[in-house]
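Data first, discussion second: the structure below is written as C-alpha coordinates.
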Amino acid sequence: MAARRVTYGEVVAIPEFRALWYAQGLSLLGDQFAQVALAVLVYNRTQSALATAAVYALTYLPPILGGPLLAGLADRYARRGVMIWCDVVRAAMVALMAVPGMPFWALCGLVFCVVLLGAPFSAARAALLPEVLDGDRYVAGSALQNMTNQAVQMLGFAAGGAVIAGIGPYRALALDAATFLASALFLISGVRRRPGAARDPSGGESMLATAVAGARLVFGERRLRTLVMFAWLCGFYILPEGIAVPYAATLAADPAKLPMVTGLLMAAMPAGTVLGAFWFGRFVQPETRLRMMGWLAMLTCAPLIGCALRPSLWVVLGLWVLSGVGGAYQLAANAAFVQSVPAERRGQAFGLVQSGLLAVQGLGILVGGFAAQELGPELVVALAGVAGLVTAGVLTVLWAEPRAEATPRVRSGSTT
(Lines give C-alpha, C1' and ligand atoms only; values in the text may rest on other atoms or scores of the structure.)
Protein backbone atom coordinates (compact mmCIF):
# COMPACT_ATOMS: atom_id res chain seq x y z
CA MET A 1 0.00 0.00 0.00
CA ALA A 2 1.29 3.45 -0.90
CA ALA A 3 2.50 5.55 2.02
CA ARG A 4 0.45 8.64 2.82
CA ARG A 5 2.00 12.00 2.00
CA VAL A 6 2.56 14.17 5.04
CA THR A 7 1.43 17.78 4.82
CA TYR A 8 3.55 20.74 5.85
CA GLY A 9 0.91 21.67 8.40
CA GLU A 10 1.36 18.34 10.18
CA VAL A 11 5.09 18.94 10.44
CA VAL A 12 4.77 22.52 11.68
CA ALA A 13 2.33 21.30 14.34
CA ILE A 14 5.18 19.38 16.03
CA PRO A 15 6.58 21.71 18.76
CA GLU A 16 10.17 20.43 18.60
CA PHE A 17 10.34 20.90 14.85
CA ARG A 18 8.95 24.43 15.21
CA ALA A 19 11.72 25.27 17.67
CA LEU A 20 14.41 23.95 15.32
CA TRP A 21 12.78 25.68 12.35
CA TYR A 22 12.45 29.08 14.05
CA ALA A 23 15.99 28.89 15.43
CA GLN A 24 17.44 28.03 12.04
CA GLY A 25 15.54 30.71 10.11
CA LEU A 26 16.28 33.48 12.60
CA SER A 27 19.97 32.66 12.88
CA LEU A 28 20.35 32.34 9.10
CA LEU A 29 18.74 35.73 8.52
CA GLY A 30 21.17 37.29 10.99
CA ASP A 31 24.06 35.58 9.20
CA GLN A 32 23.02 37.06 5.84
CA PHE A 33 23.00 40.55 7.33
CA ALA A 34 26.37 39.83 8.96
CA GLN A 35 27.96 38.72 5.67
CA VAL A 36 26.99 42.00 4.03
CA ALA A 37 28.06 43.97 7.10
CA LEU A 38 31.41 42.20 7.27
CA ALA A 39 32.13 42.85 3.60
CA VAL A 40 31.31 46.56 4.04
CA LEU A 41 33.31 46.77 7.26
CA VAL A 42 36.43 45.12 5.85
CA TYR A 43 36.35 47.15 2.63
CA ASN A 44 35.87 50.42 4.54
CA ARG A 45 38.81 49.52 6.79
CA THR A 46 41.23 48.31 4.12
CA GLN A 47 39.93 49.70 0.79
CA SER A 48 41.16 46.36 -0.57
CA ALA A 49 39.10 44.04 -2.75
CA LEU A 50 41.62 41.27 -1.98
CA ALA A 51 41.17 41.64 1.80
CA THR A 52 37.40 41.66 1.39
CA ALA A 53 37.51 38.50 -0.74
CA ALA A 54 39.93 36.86 1.70
CA VAL A 55 37.56 37.37 4.62
CA TYR A 56 34.69 36.00 2.54
CA ALA A 57 36.84 32.96 1.67
CA LEU A 58 37.18 32.29 5.40
CA THR A 59 33.51 31.30 5.40
CA TYR A 60 34.39 28.27 3.21
CA LEU A 61 37.71 27.19 4.69
CA PRO A 62 36.89 26.26 8.33
CA PRO A 63 34.16 23.66 7.63
CA ILE A 64 36.37 21.99 5.02
CA LEU A 65 39.35 21.79 7.38
CA GLY A 66 37.69 21.27 10.75
CA GLY A 67 34.24 19.98 9.88
CA PRO A 68 35.15 16.28 9.63
CA LEU A 69 36.80 16.41 13.08
CA LEU A 70 34.30 18.57 14.98
CA ALA A 71 31.19 16.98 13.48
CA GLY A 72 31.83 13.95 15.70
CA LEU A 73 30.88 16.05 18.73
CA ALA A 74 27.27 15.73 17.55
CA ASP A 75 27.48 11.97 18.18
CA ARG A 76 29.64 12.02 21.31
CA TYR A 77 27.52 14.51 23.29
CA ALA A 78 23.82 15.36 23.52
CA ARG A 79 22.94 17.04 20.23
CA ARG A 80 20.69 19.65 21.80
CA GLY A 81 23.50 20.65 24.15
CA VAL A 82 26.04 20.85 21.31
CA MET A 83 23.73 23.21 19.39
CA ILE A 84 23.07 25.43 22.42
CA TRP A 85 26.75 25.76 23.33
CA CYS A 86 27.68 26.52 19.71
CA ASP A 87 25.03 29.24 19.59
CA VAL A 88 26.16 30.83 22.86
CA VAL A 89 29.87 30.82 21.97
CA ARG A 90 29.18 32.16 18.47
CA ALA A 91 27.01 34.92 19.94
CA ALA A 92 29.93 35.99 22.15
CA MET A 93 32.39 35.94 19.25
CA VAL A 94 30.13 37.92 16.91
CA ALA A 95 29.54 40.42 19.73
CA LEU A 96 33.33 40.92 19.90
CA MET A 97 33.37 41.47 16.12
CA ALA A 98 30.82 44.24 16.65
CA VAL A 99 33.24 46.19 18.90
CA PRO A 100 34.49 49.24 16.94
CA GLY A 101 38.24 49.27 16.41
CA MET A 102 38.68 45.49 16.56
CA PRO A 103 42.05 44.75 14.82
CA PHE A 104 41.79 43.24 11.37
CA TRP A 105 43.75 40.09 12.34
CA ALA A 106 41.42 39.56 15.32
CA LEU A 107 38.41 40.04 13.07
CA CYS A 108 39.69 37.34 10.72
CA GLY A 109 40.34 34.97 13.62
CA LEU A 110 36.85 35.49 15.01
CA VAL A 111 35.27 34.91 11.59
CA PHE A 112 37.22 31.66 11.26
CA CYS A 113 36.11 30.41 14.68
CA VAL A 114 32.47 31.43 14.23
CA VAL A 115 32.23 29.56 10.94
CA LEU A 116 34.15 26.59 12.37
CA LEU A 117 31.59 26.17 15.14
CA GLY A 118 28.90 26.01 12.48
CA ALA A 119 30.18 22.51 11.58
CA PRO A 120 29.23 20.72 14.83
CA PHE A 121 26.04 22.80 15.06
CA SER A 122 24.90 21.80 11.57
CA ALA A 123 25.89 18.17 12.14
CA ALA A 124 23.95 18.08 15.42
CA ARG A 125 20.87 19.66 13.85
CA ALA A 126 20.97 17.33 10.84
CA ALA A 127 21.35 14.28 13.11
CA LEU A 128 18.64 15.47 15.52
CA LEU A 129 16.00 16.14 12.87
CA PRO A 130 15.33 12.42 12.12
CA GLU A 131 14.75 11.92 15.86
CA VAL A 132 12.15 14.69 15.86
CA LEU A 133 10.52 13.73 12.55
CA ASP A 134 10.04 10.09 11.63
CA GLY A 135 9.23 8.56 8.24
CA ASP A 136 7.79 10.89 5.62
CA ARG A 137 7.61 13.71 8.15
CA TYR A 138 11.39 13.92 7.78
CA VAL A 139 11.13 14.57 4.03
CA ALA A 140 8.39 17.18 4.53
CA GLY A 141 10.37 18.86 7.31
CA SER A 142 13.56 18.84 5.22
CA ALA A 143 11.67 20.38 2.30
CA LEU A 144 10.26 23.08 4.56
CA GLN A 145 13.70 23.86 5.98
CA ASN A 146 15.16 23.91 2.47
CA MET A 147 12.53 26.38 1.29
CA THR A 148 13.10 28.51 4.37
CA ASN A 149 16.88 28.54 3.81
CA GLN A 150 16.52 29.66 0.20
CA ALA A 151 13.86 32.26 1.00
CA VAL A 152 15.87 33.67 3.92
CA GLN A 153 19.01 33.87 1.78
CA MET A 154 17.17 35.77 -0.94
CA LEU A 155 15.58 38.09 1.63
CA GLY A 156 18.81 38.54 3.57
CA PHE A 157 20.94 39.48 0.57
CA ALA A 158 18.20 41.66 -0.90
CA ALA A 159 17.50 43.54 2.32
CA GLY A 160 21.00 43.36 3.77
CA GLY A 161 22.26 46.45 1.98
CA ALA A 162 19.29 48.51 3.16
CA VAL A 163 19.70 47.28 6.74
CA ILE A 164 23.42 48.09 6.78
CA ALA A 165 22.73 51.54 5.33
CA GLY A 166 20.18 52.15 8.06
CA ILE A 167 21.92 50.85 11.19
CA GLY A 168 25.58 50.52 10.15
CA PRO A 169 27.82 47.43 10.02
CA TYR A 170 28.63 47.28 13.73
CA ARG A 171 24.98 47.24 14.80
CA ALA A 172 24.24 44.66 12.11
CA LEU A 173 26.89 42.39 13.64
CA ALA A 174 25.35 42.98 17.07
CA LEU A 175 22.01 41.97 15.56
CA ASP A 176 23.58 38.74 14.32
CA ALA A 177 24.90 38.03 17.83
CA ALA A 178 21.36 38.51 19.16
CA THR A 179 19.98 35.99 16.64
CA PHE A 180 22.40 33.35 17.94
CA LEU A 181 21.15 33.94 21.49
CA ALA A 182 17.54 33.82 20.30
CA SER A 183 18.29 30.54 18.53
CA ALA A 184 19.70 29.10 21.78
CA LEU A 185 16.57 30.17 23.66
CA PHE A 186 14.33 28.45 21.11
CA LEU A 187 16.37 25.26 21.53
CA ILE A 188 16.34 25.43 25.33
CA SER A 189 12.60 26.02 25.53
CA GLY A 190 11.35 23.95 22.59
CA VAL A 191 13.61 20.88 22.20
CA ARG A 192 13.61 18.18 24.85
CA ARG A 193 16.78 16.71 26.34
CA ARG A 194 18.14 13.52 24.79
CA PRO A 195 21.28 11.56 25.72
CA GLY A 196 24.26 11.44 23.41
CA ALA A 197 24.01 8.88 20.61
CA ALA A 198 27.52 7.41 20.97
CA ARG A 199 27.84 4.02 22.58
CA ASP A 200 30.90 5.31 24.46
CA PRO A 201 29.96 8.83 25.63
CA SER A 202 33.11 9.04 27.74
CA GLY A 203 35.07 9.73 24.57
CA GLY A 204 37.23 6.59 24.45
CA GLU A 205 37.63 7.09 20.70
CA SER A 206 39.70 10.10 19.64
CA MET A 207 38.22 12.73 17.36
CA LEU A 208 40.58 11.67 14.57
CA ALA A 209 39.61 8.03 14.98
CA THR A 210 35.94 9.04 14.92
CA ALA A 211 36.49 10.95 11.68
CA VAL A 212 38.30 7.99 10.09
CA ALA A 213 35.55 5.61 11.17
CA GLY A 214 32.94 7.97 9.73
CA ALA A 215 34.80 8.13 6.42
CA ARG A 216 34.99 4.34 6.26
CA LEU A 217 31.27 4.12 6.92
CA VAL A 218 30.28 6.72 4.31
CA PHE A 219 32.67 5.68 1.53
CA GLY A 220 32.98 1.98 2.28
CA GLU A 221 29.36 1.10 1.51
CA ARG A 222 28.12 1.34 -2.08
CA ARG A 223 24.69 2.77 -1.31
CA LEU A 224 26.02 5.55 0.93
CA ARG A 225 28.87 6.30 -1.47
CA THR A 226 26.42 6.77 -4.36
CA LEU A 227 24.17 9.03 -2.28
CA VAL A 228 27.16 11.18 -1.32
CA MET A 229 28.10 11.53 -4.99
CA PHE A 230 24.54 12.66 -5.71
CA ALA A 231 24.87 15.32 -3.00
CA TRP A 232 28.22 16.51 -4.35
CA LEU A 233 26.79 16.81 -7.86
CA CYS A 234 25.90 20.38 -6.87
CA GLY A 235 29.49 21.35 -7.71
CA PHE A 236 28.34 21.47 -11.35
CA TYR A 237 25.03 23.32 -11.07
CA ILE A 238 26.15 25.79 -8.40
CA LEU A 239 28.77 27.16 -10.80
CA PRO A 240 26.45 29.69 -12.56
CA GLU A 241 25.82 31.54 -9.30
CA GLY A 242 29.57 31.96 -8.82
CA ILE A 243 29.98 33.73 -12.18
CA ALA A 244 26.66 35.59 -12.10
CA VAL A 245 28.35 39.00 -12.33
CA PRO A 246 30.33 38.37 -15.55
CA TYR A 247 27.29 36.56 -16.99
CA ALA A 248 25.12 39.57 -16.16
CA ALA A 249 27.63 41.81 -17.93
CA THR A 250 26.92 39.93 -21.18
CA LEU A 251 23.17 40.51 -20.76
CA ALA A 252 23.02 44.08 -19.45
CA ALA A 253 23.44 46.59 -22.28
CA ASP A 254 23.33 49.42 -19.75
CA PRO A 255 26.09 49.16 -17.09
CA ALA A 256 23.75 50.84 -14.63
CA LYS A 257 21.51 47.76 -14.79
CA LEU A 258 24.32 45.33 -13.97
CA PRO A 259 23.47 45.04 -10.23
CA MET A 260 19.79 44.41 -10.99
CA VAL A 261 20.55 41.73 -13.61
CA THR A 262 23.08 40.11 -11.27
CA GLY A 263 20.49 39.99 -8.51
CA LEU A 264 17.94 38.37 -10.81
CA LEU A 265 20.43 35.72 -11.91
CA MET A 266 21.52 34.92 -8.35
CA ALA A 267 17.90 34.65 -7.21
CA ALA A 268 16.82 32.36 -10.08
CA MET A 269 18.16 29.03 -8.81
CA PRO A 270 17.08 29.58 -5.17
CA ALA A 271 13.60 30.46 -6.47
CA GLY A 272 13.52 27.22 -8.46
CA THR A 273 14.75 25.29 -5.43
CA VAL A 274 11.87 26.65 -3.34
CA LEU A 275 9.35 25.64 -6.01
CA GLY A 276 10.91 22.21 -6.47
CA ALA A 277 11.08 21.48 -2.74
CA PHE A 278 7.44 22.47 -2.25
CA TRP A 279 6.26 20.32 -5.15
CA PHE A 280 8.45 17.34 -4.27
CA GLY A 281 7.58 17.31 -0.58
CA ARG A 282 3.86 18.00 -1.01
CA PHE A 283 2.75 16.14 -4.14
CA VAL A 284 5.19 13.28 -4.86
CA GLN A 285 4.44 9.93 -3.23
CA PRO A 286 7.17 8.71 -0.82
CA GLU A 287 7.85 5.51 -2.79
CA THR A 288 8.11 7.48 -6.05
CA ARG A 289 10.81 9.86 -4.84
CA LEU A 290 13.70 7.42 -5.07
CA ARG A 291 12.71 6.49 -8.63
CA MET A 292 12.65 10.17 -9.62
CA MET A 293 15.94 11.04 -7.95
CA GLY A 294 18.20 10.30 -10.91
CA TRP A 295 15.94 12.07 -13.42
CA LEU A 296 15.71 15.18 -11.27
CA ALA A 297 19.48 15.14 -10.78
CA MET A 298 19.86 15.24 -14.56
CA LEU A 299 17.31 18.06 -14.70
CA THR A 300 19.55 20.23 -12.51
CA CYS A 301 22.23 20.20 -15.20
CA ALA A 302 20.44 19.73 -18.54
CA PRO A 303 18.86 23.24 -18.78
CA LEU A 304 22.27 24.87 -18.33
CA ILE A 305 23.38 23.48 -21.70
CA GLY A 306 20.95 25.90 -23.35
CA CYS A 307 23.13 28.81 -22.24
CA ALA A 308 25.54 27.90 -25.06
CA LEU A 309 23.02 29.48 -27.46
CA ARG A 310 23.42 32.83 -25.65
CA PRO A 311 19.67 33.37 -25.10
CA SER A 312 18.04 36.52 -23.72
CA LEU A 313 17.89 37.35 -20.01
CA TRP A 314 14.39 35.99 -19.48
CA VAL A 315 15.23 32.69 -21.18
CA VAL A 316 18.36 32.36 -19.04
CA LEU A 317 16.31 33.02 -15.91
CA GLY A 318 13.84 30.34 -16.97
CA LEU A 319 16.64 27.83 -17.54
CA TRP A 320 18.22 28.57 -14.18
CA VAL A 321 14.87 28.35 -12.35
CA LEU A 322 14.24 24.96 -14.01
CA SER A 323 17.69 23.83 -12.88
CA GLY A 324 16.79 24.86 -9.33
CA VAL A 325 13.55 22.85 -9.49
CA GLY A 326 15.57 19.72 -10.29
CA GLY A 327 17.54 20.27 -7.09
CA ALA A 328 14.57 18.73 -5.22
CA TYR A 329 16.30 15.37 -5.75
CA GLN A 330 18.54 16.29 -2.82
CA LEU A 331 15.56 15.77 -0.49
CA ALA A 332 15.24 12.13 -1.59
CA ALA A 333 19.00 11.61 -1.38
CA ASN A 334 19.09 13.15 2.09
CA ALA A 335 16.23 10.98 3.36
CA ALA A 336 17.80 7.79 1.94
CA PHE A 337 21.14 8.75 3.51
CA VAL A 338 19.55 9.27 6.94
CA GLN A 339 17.78 5.91 6.75
CA SER A 340 21.04 4.13 5.86
CA VAL A 341 23.36 5.59 8.53
CA PRO A 342 23.41 4.24 12.12
CA ALA A 343 22.03 6.81 14.57
CA GLU A 344 25.24 6.81 16.63
CA ARG A 345 27.31 7.84 13.56
CA ARG A 346 24.80 10.19 11.96
CA GLY A 347 26.39 13.46 13.07
CA GLN A 348 29.86 12.46 11.88
CA ALA A 349 28.48 11.24 8.55
CA PHE A 350 26.57 14.45 7.94
CA GLY A 351 29.63 16.49 8.85
CA LEU A 352 31.80 14.68 6.31
CA VAL A 353 29.22 15.12 3.56
CA GLN A 354 28.75 18.80 4.39
CA SER A 355 32.50 19.46 4.34
CA GLY A 356 32.80 17.79 0.95
CA LEU A 357 29.77 19.74 -0.26
CA LEU A 358 31.44 23.05 0.58
CA ALA A 359 34.68 21.88 -1.01
CA VAL A 360 33.09 20.95 -4.35
CA GLN A 361 31.07 24.17 -4.37
CA GLY A 362 34.15 26.27 -3.77
CA LEU A 363 36.20 24.32 -6.30
CA GLY A 364 33.43 24.53 -8.90
CA ILE A 365 33.12 28.27 -8.52
CA LEU A 366 36.91 28.71 -8.59
CA VAL A 367 37.34 26.64 -11.77
CA GLY A 368 34.31 28.30 -13.36
CA GLY A 369 35.64 31.78 -12.66
CA PHE A 370 39.01 30.95 -14.19
CA ALA A 371 37.44 29.30 -17.25
CA ALA A 372 34.97 32.16 -17.77
CA GLN A 373 37.86 34.55 -18.28
CA GLU A 374 39.13 32.41 -21.14
CA LEU A 375 35.95 31.03 -22.72
CA GLY A 376 33.18 33.39 -21.67
CA PRO A 377 30.53 32.74 -19.00
CA GLU A 378 27.85 31.37 -21.35
CA LEU A 379 30.05 28.57 -22.67
CA VAL A 380 31.39 27.72 -19.22
CA VAL A 381 27.86 27.36 -17.80
CA ALA A 382 26.92 25.14 -20.75
CA LEU A 383 30.03 22.96 -20.28
CA ALA A 384 29.22 22.60 -16.59
CA GLY A 385 25.75 21.47 -17.62
CA VAL A 386 27.18 18.85 -20.00
CA ALA A 387 29.65 17.51 -17.43
CA GLY A 388 26.99 17.46 -14.72
CA LEU A 389 24.45 15.74 -16.97
CA VAL A 390 26.90 12.98 -17.86
CA THR A 391 27.85 12.53 -14.20
CA ALA A 392 24.20 12.46 -13.12
CA GLY A 393 23.46 9.86 -15.79
CA VAL A 394 26.26 7.60 -14.54
CA LEU A 395 25.08 7.99 -10.94
CA THR A 396 21.52 7.16 -11.96
CA VAL A 397 22.71 3.88 -13.46
CA LEU A 398 24.80 3.11 -10.37
CA TRP A 399 21.82 3.91 -8.13
CA ALA A 400 19.47 1.35 -9.73
CA GLU A 401 20.53 -1.57 -7.51
CA PRO A 402 21.00 0.32 -4.20
CA ARG A 403 17.59 1.96 -4.80
CA ALA A 404 15.92 -1.45 -4.62
CA GLU A 405 17.52 -1.97 -1.21
CA ALA A 406 16.54 1.49 0.05
CA THR A 407 12.90 1.42 -1.09
CA PRO A 408 11.62 -0.86 1.74
CA ARG A 409 13.18 1.49 4.29
CA VAL A 410 11.44 4.47 2.75
CA ARG A 411 8.09 2.68 2.74
CA SER A 412 8.50 1.73 6.39
CA GLY A 413 9.75 5.19 7.34
CA SER A 414 12.69 3.74 9.27
CA THR A 415 15.31 6.23 10.43
CA THR A 416 17.31 3.96 12.68
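By order in the C-alpha coordinates, chains are A, B, ...; within a chain, residues start at 1; ligands start at 1, following the order shown.
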Quick one: everything within 12 Å of A:Gly242, counting only C-alpha atoms, minus sequence neighbours fewer than 4 positions away in the same chain. Send it as a PyMOL selection string. chain A and resi 235-238+246-248+262+265-266+269+361-372+377+380-381
Would you tabulate, counting only C-alpha atoms, all residues of stretch 341-368 of chain A that have an atom at most 6 Å from an atom of stretch 114-128 of chain A, showing the closest pair of atoms and their distance in Å to one decimal, sorted by chain then ascending number, as a Markdown table?
```
| residue | atom | partner | partner_atom | distance |
| --- | --- | --- | --- | --- |
| A:Arg346 | CA | A:Ala127 | CA | 5.5 |
| A:Gly347 | CA | A:Ala123 | CA | 4.8 |
| A:Phe350 | CA | A:Ala123 | CA | 5.6 |
| A:Gly351 | CA | A:Ala123 | CA | 5.3 |
```
When you count only C-alpha atoms, which of these residues is closest to A:Ala78: A:Gly30, A:Pro195, A:Gly306, A:Gly281? A:Pro195
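For the set A:Arg18, A:Arg193, A:Arg310, A:Arg76, the residue with the smallest atom-to-atom gap to A:Leu133 is A:Arg18, counting only C-alpha atoms.
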Per residue of stretch 313-408 of chain A within 12 Å of stretch 221-231 of chain A, record the nearest atom pair and its distance in Å to one decimal, counting only C-alpha atoms, with rows in chain order and ascending residue number, as JSON lines.
```
{"residue": "A:Gly327", "atom": "CA", "partner": "A:Ala231", "partner_atom": "CA", "distance": 9.7}
{"residue": "A:Ala328", "atom": "CA", "partner": "A:Ala231", "partner_atom": "CA", "distance": 11.1}
{"residue": "A:Tyr329", "atom": "CA", "partner": "A:Phe230", "partner_atom": "CA", "distance": 8.7}
{"residue": "A:Gln330", "atom": "CA", "partner": "A:Ala231", "partner_atom": "CA", "distance": 6.4}
{"residue": "A:Leu331", "atom": "CA", "partner": "A:Ala231", "partner_atom": "CA", "distance": 9.7}
{"residue": "A:Ala332", "atom": "CA", "partner": "A:Leu227", "partner_atom": "CA", "distance": 9.5}
{"residue": "A:Ala333", "atom": "CA", "partner": "A:Leu227", "partner_atom": "CA", "distance": 5.8}
{"residue": "A:Asn334", "atom": "CA", "partner": "A:Leu227", "partner_atom": "CA", "distance": 7.9}
{"residue": "A:Ala335", "atom": "CA", "partner": "A:Leu227", "partner_atom": "CA", "distance": 9.9}
{"residue": "A:Ala336", "atom": "CA", "partner": "A:Leu227", "partner_atom": "CA", "distance": 7.7}
{"residue": "A:Phe337", "atom": "CA", "partner": "A:Leu224", "partner_atom": "CA", "distance": 6.4}
{"residue": "A:Val338", "atom": "CA", "partner": "A:Leu224", "partner_atom": "CA", "distance": 9.6}
{"residue": "A:Gln339", "atom": "CA", "partner": "A:Leu224", "partner_atom": "CA", "distance": 10.1}
{"residue": "A:Ser340", "atom": "CA", "partner": "A:Leu224", "partner_atom": "CA", "distance": 7.1}
{"residue": "A:Val341", "atom": "CA", "partner": "A:Leu224", "partner_atom": "CA", "distance": 8.1}
{"residue": "A:Pro342", "atom": "CA", "partner": "A:Leu224", "partner_atom": "CA", "distance": 11.6}
{"residue": "A:Ala349", "atom": "CA", "partner": "A:Leu224", "partner_atom": "CA", "distance": 9.8}
{"residue": "A:Phe350", "atom": "CA", "partner": "A:Val228", "partner_atom": "CA", "distance": 9.8}
{"residue": "A:Gly351", "atom": "CA", "partner": "A:Val228", "partner_atom": "CA", "distance": 11.7}
{"residue": "A:Leu352", "atom": "CA", "partner": "A:Val228", "partner_atom": "CA", "distance": 9.6}
{"residue": "A:Val353", "atom": "CA", "partner": "A:Val228", "partner_atom": "CA", "distance": 6.6}
{"residue": "A:Gln354", "atom": "CA", "partner": "A:Ala231", "partner_atom": "CA", "distance": 9.0}
{"residue": "A:Ser355", "atom": "CA", "partner": "A:Val228", "partner_atom": "CA", "distance": 11.4}
{"residue": "A:Gly356", "atom": "CA", "partner": "A:Val228", "partner_atom": "CA", "distance": 9.0}
{"residue": "A:Leu357", "atom": "CA", "partner": "A:Ala231", "partner_atom": "CA", "distance": 7.1}
{"residue": "A:Leu358", "atom": "CA", "partner": "A:Ala231", "partner_atom": "CA", "distance": 10.8}
{"residue": "A:Ala359", "atom": "CA", "partner": "A:Ala231", "partner_atom": "CA", "distance": 12.0}
{"residue": "A:Val360", "atom": "CA", "partner": "A:Ala231", "partner_atom": "CA", "distance": 10.1}
{"residue": "A:Gln361", "atom": "CA", "partner": "A:Ala231", "partner_atom": "CA", "distance": 10.9}
{"residue": "A:Gly388", "atom": "CA", "partner": "A:Phe230", "partner_atom": "CA", "distance": 10.5}
{"residue": "A:Leu389", "atom": "CA", "partner": "A:Phe230", "partner_atom": "CA", "distance": 11.7}
{"residue": "A:Thr391", "atom": "CA", "partner": "A:Phe230", "partner_atom": "CA", "distance": 9.1}
{"residue": "A:Ala392", "atom": "CA", "partner": "A:Phe230", "partner_atom": "CA", "distance": 7.4}
{"residue": "A:Gly393", "atom": "CA", "partner": "A:Phe230", "partner_atom": "CA", "distance": 10.5}
{"residue": "A:Val394", "atom": "CA", "partner": "A:Thr226", "partner_atom": "CA", "distance": 10.2}
{"residue": "A:Leu395", "atom": "CA", "partner": "A:Thr226", "partner_atom": "CA", "distance": 6.8}
{"residue": "A:Thr396", "atom": "CA", "partner": "A:Phe230", "partner_atom": "CA", "distance": 8.9}
{"residue": "A:Val397", "atom": "CA", "partner": "A:Thr226", "partner_atom": "CA", "distance": 10.3}
{"residue": "A:Leu398", "atom": "CA", "partner": "A:Thr226", "partner_atom": "CA", "distance": 7.2}
{"residue": "A:Trp399", "atom": "CA", "partner": "A:Thr226", "partner_atom": "CA", "distance": 6.6}
{"residue": "A:Ala400", "atom": "CA", "partner": "A:Arg223", "partner_atom": "CA", "distance": 10.0}
{"residue": "A:Glu401", "atom": "CA", "partner": "A:Arg223", "partner_atom": "CA", "distance": 8.6}
{"residue": "A:Pro402", "atom": "CA", "partner": "A:Arg223", "partner_atom": "CA", "distance": 5.3}
{"residue": "A:Arg403", "atom": "CA", "partner": "A:Arg223", "partner_atom": "CA", "distance": 7.9}
{"residue": "A:Ala404", "atom": "CA", "partner": "A:Arg223", "partner_atom": "CA", "distance": 10.3}
{"residue": "A:Glu405", "atom": "CA", "partner": "A:Arg223", "partner_atom": "CA", "distance": 8.6}
{"residue": "A:Ala406", "atom": "CA", "partner": "A:Arg223", "partner_atom": "CA", "distance": 8.4}
{"residue": "A:Thr407", "atom": "CA", "partner": "A:Arg223", "partner_atom": "CA", "distance": 11.9}
```
What are the DSSP helix (DSSP H, G or I) residues of stretch 35-138 of chain A, as a PyMOL selection string? chain A and resi 35-46+49-57+61-70+73-76+79-97+104-132+136-138
Neighbour list for A:Val321 as a ChimeraX atom specification, cut-off 9 Å, only C-alpha atoms, skip fewer than 3 positions in-chain: /A:267-273,275,316-318,324-326
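For the choices A:Pro68, A:Gly214, A:Gly9, A:Pro100, the atom-to-atom distance to A:Tyr170 is smallest for A:Pro100 when using only C-alpha atoms.
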For atom CA of A:Ser27 and atom CA of A:Thr179, quote the distance in Å rounded to one decimal. 5.0 Å
